[in-house]
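Asks: For reference, this is final.cif, and it has mmCIF, C-alpha atoms.
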```cif
data_start
#
loop_
_atom_site.label_atom_id
_atom_site.label_comp_id
_atom_site.auth_asym_id
_atom_site.auth_seq_id
_atom_site.Cartn_x
_atom_site.Cartn_y
_atom_site.Cartn_z
CA MET K 513 0.00 0.00 0.00
CA ALA K 514 1.39 3.39 -0.96
CA SER K 515 1.88 6.14 1.59
CA MET K 516 -0.55 9.02 1.69
CA SER K 517 0.83 11.78 -0.51
CA TYR K 518 1.16 14.29 2.33
CA CYS K 519 3.51 12.05 4.30
CA ARG K 520 5.11 9.93 1.56
CA PHE K 521 8.61 11.42 1.92
CA GLU K 522 8.44 11.28 5.72
CA ASN K 523 7.40 7.62 5.69
CA THR K 524 9.86 6.51 2.99
CA THR K 525 13.02 8.10 4.41
CA PRO K 526 13.52 5.74 7.39
CA ASP K 527 12.99 2.69 5.16
CA LEU K 528 15.53 3.93 2.63
CA TRP K 529 18.08 4.47 5.40
CA ALA K 530 17.38 0.96 6.77
CA CYS K 531 17.94 -0.54 3.29
CA THR K 532 21.17 1.43 2.95
CA GLN K 533 22.45 0.21 6.31
CA ASP K 534 21.66 -3.42 5.45
CA LEU K 535 23.64 -3.15 2.20
CA GLU K 536 26.56 -1.46 3.99
CA LYS K 537 26.61 -4.32 6.52
CA GLY K 538 26.51 -6.91 3.74
CA LYS K 539 23.26 -8.40 5.02
CA VAL K 540 22.09 -11.43 3.05
CA LEU K 541 18.75 -10.53 1.51
CA ASN K 542 15.94 -13.06 1.39
CA GLN K 543 14.36 -14.32 -1.81
CA TYR K 544 11.65 -11.66 -1.65
CA GLU K 545 13.99 -8.72 -1.01
CA GLU K 546 16.78 -9.57 -3.45
CA PRO K 547 14.86 -8.84 -6.69
CA TYR K 548 14.00 -5.38 -5.42
CA ARG K 549 17.60 -4.43 -4.60
CA HIS K 550 18.25 -3.43 -8.22
CA GLU K 551 14.79 -1.87 -8.60
CA LEU K 552 15.50 0.36 -5.60
CA TYR K 553 18.87 1.29 -7.11
CA GLU K 554 17.20 2.37 -10.35
CA ALA K 555 14.53 4.29 -8.44
CA ALA K 556 17.22 6.05 -6.38
CA LYS K 557 19.07 7.12 -9.54
CA ALA K 558 15.84 8.49 -11.01
CA TYR K 559 15.08 10.27 -7.71
CA ILE K 560 18.51 11.94 -7.69
CA LYS K 561 17.99 13.18 -11.25
CA ALA K 562 14.49 14.47 -10.40
CA TYR K 563 15.82 16.07 -7.19
CA GLU K 564 18.53 17.91 -9.09
CA ASN K 565 16.02 19.18 -11.66
CA TYR K 566 13.21 19.93 -9.18
CA THR K 567 11.37 23.19 -9.72
CA PRO K 568 8.22 23.61 -7.62
CA LYS K 569 5.15 24.45 -9.66
CA PRO K 570 1.88 25.95 -8.49
CA GLU K 571 -0.49 23.32 -7.15
CA GLU K 572 -2.82 21.85 -9.70
CA ASP K 573 -5.53 19.26 -9.44
CA ASP K 574 -3.36 16.18 -10.01
CA GLU K 575 -5.30 12.92 -10.28
CA ASP K 576 -2.06 10.87 -10.26
CA ASP K 577 -1.17 12.04 -6.73
CA ASP K 578 -2.17 9.32 -4.23
#
```
If you convert what's in this file into structure tokens, what do you get?

Replies:
Amino acid sequence: MASMSYCRFENTTPDLWACTQDLEKGKVLNQYEEPYRHELYEAAKAYIKAYENYTPKPEEDDEDDD
């Protein structure tokens, strides 16, 4: 289930840090986590690019926002 849009960043940040720490420690990932390790890497690269290009725009009625 996705986070509510108003707290998505707040809720995601601790999980991202926990994933980072597990990788730094060399934790063996289970069969359910392992396939998402690369997916998270790709998402993080896309996030960094979006972060660097971020320009706030006036609020609009966005139906894609959960």

Asks: Which residue out of K:Asn565, K:Cys531, K:Asn523, K:Met516 has the minimum interatomic distance to Tyr553 in chain K when all atoms listed in the file are used?

Replies: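 Using all atoms listed in the file, the shortest distance to Tyr553 in chain K belongs to K:Cys531.
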
Asks: For range 554-557 of chain K, work out the shell of residues within 12 Å, counting only C-alpha atoms and skipping chain neighbours fewer than 5 positions away, then give it as a PyMOL selection string.

Replies: chain K and resi 524-525+528-529+531-532+548-549+562-564

Asks: Could you work out an axis-aligned bounding box for all listed atoms of range 527-534 of chain K, with 4 Å added on each of the six sides, and give its centre and edge lengths in Å to one decimal, as lines of an AutoDock Vina configuration file?

Replies:
```
center_x = 17.7
center_y = 0.5
center_z = 4.7
size_x = 17.5
size_y = 15.9
size_z = 12.1
```

Asks: What separation in Å, quoted to one decimal, exists between CA of Ser517 in chain K and CA of Tyr566 in chain K?

Replies: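 CA of Tyr566 in chain K lies 17.2 Å from CA of Ser517 in chain K.
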
Asks: Could you check how far CA of Phe521 in chain K sits from CA of Lys539 in chain K, in Å to one decimal?

Replies: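 Computing the Euclidean distance for CA of Phe521 in chain K and CA of Lys539 in chain K yields 24.8 Å.
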
Asks: Which one is closest to Asp534 in chain K: K:Glu546, K:Pro568, K:Lys561, K:Cys519? Count all atoms listed in the file.

Replies: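 Comparing K:Glu546, K:Pro568, K:Lys561, K:Cys519 against Asp534 in chain K, the winner is K:Glu546.
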
Asks: How many Å lie between CA of Tyr559 in chain K and CA of Arg520 in chain K, rounded to one decimal?

Replies: 13.6 Å
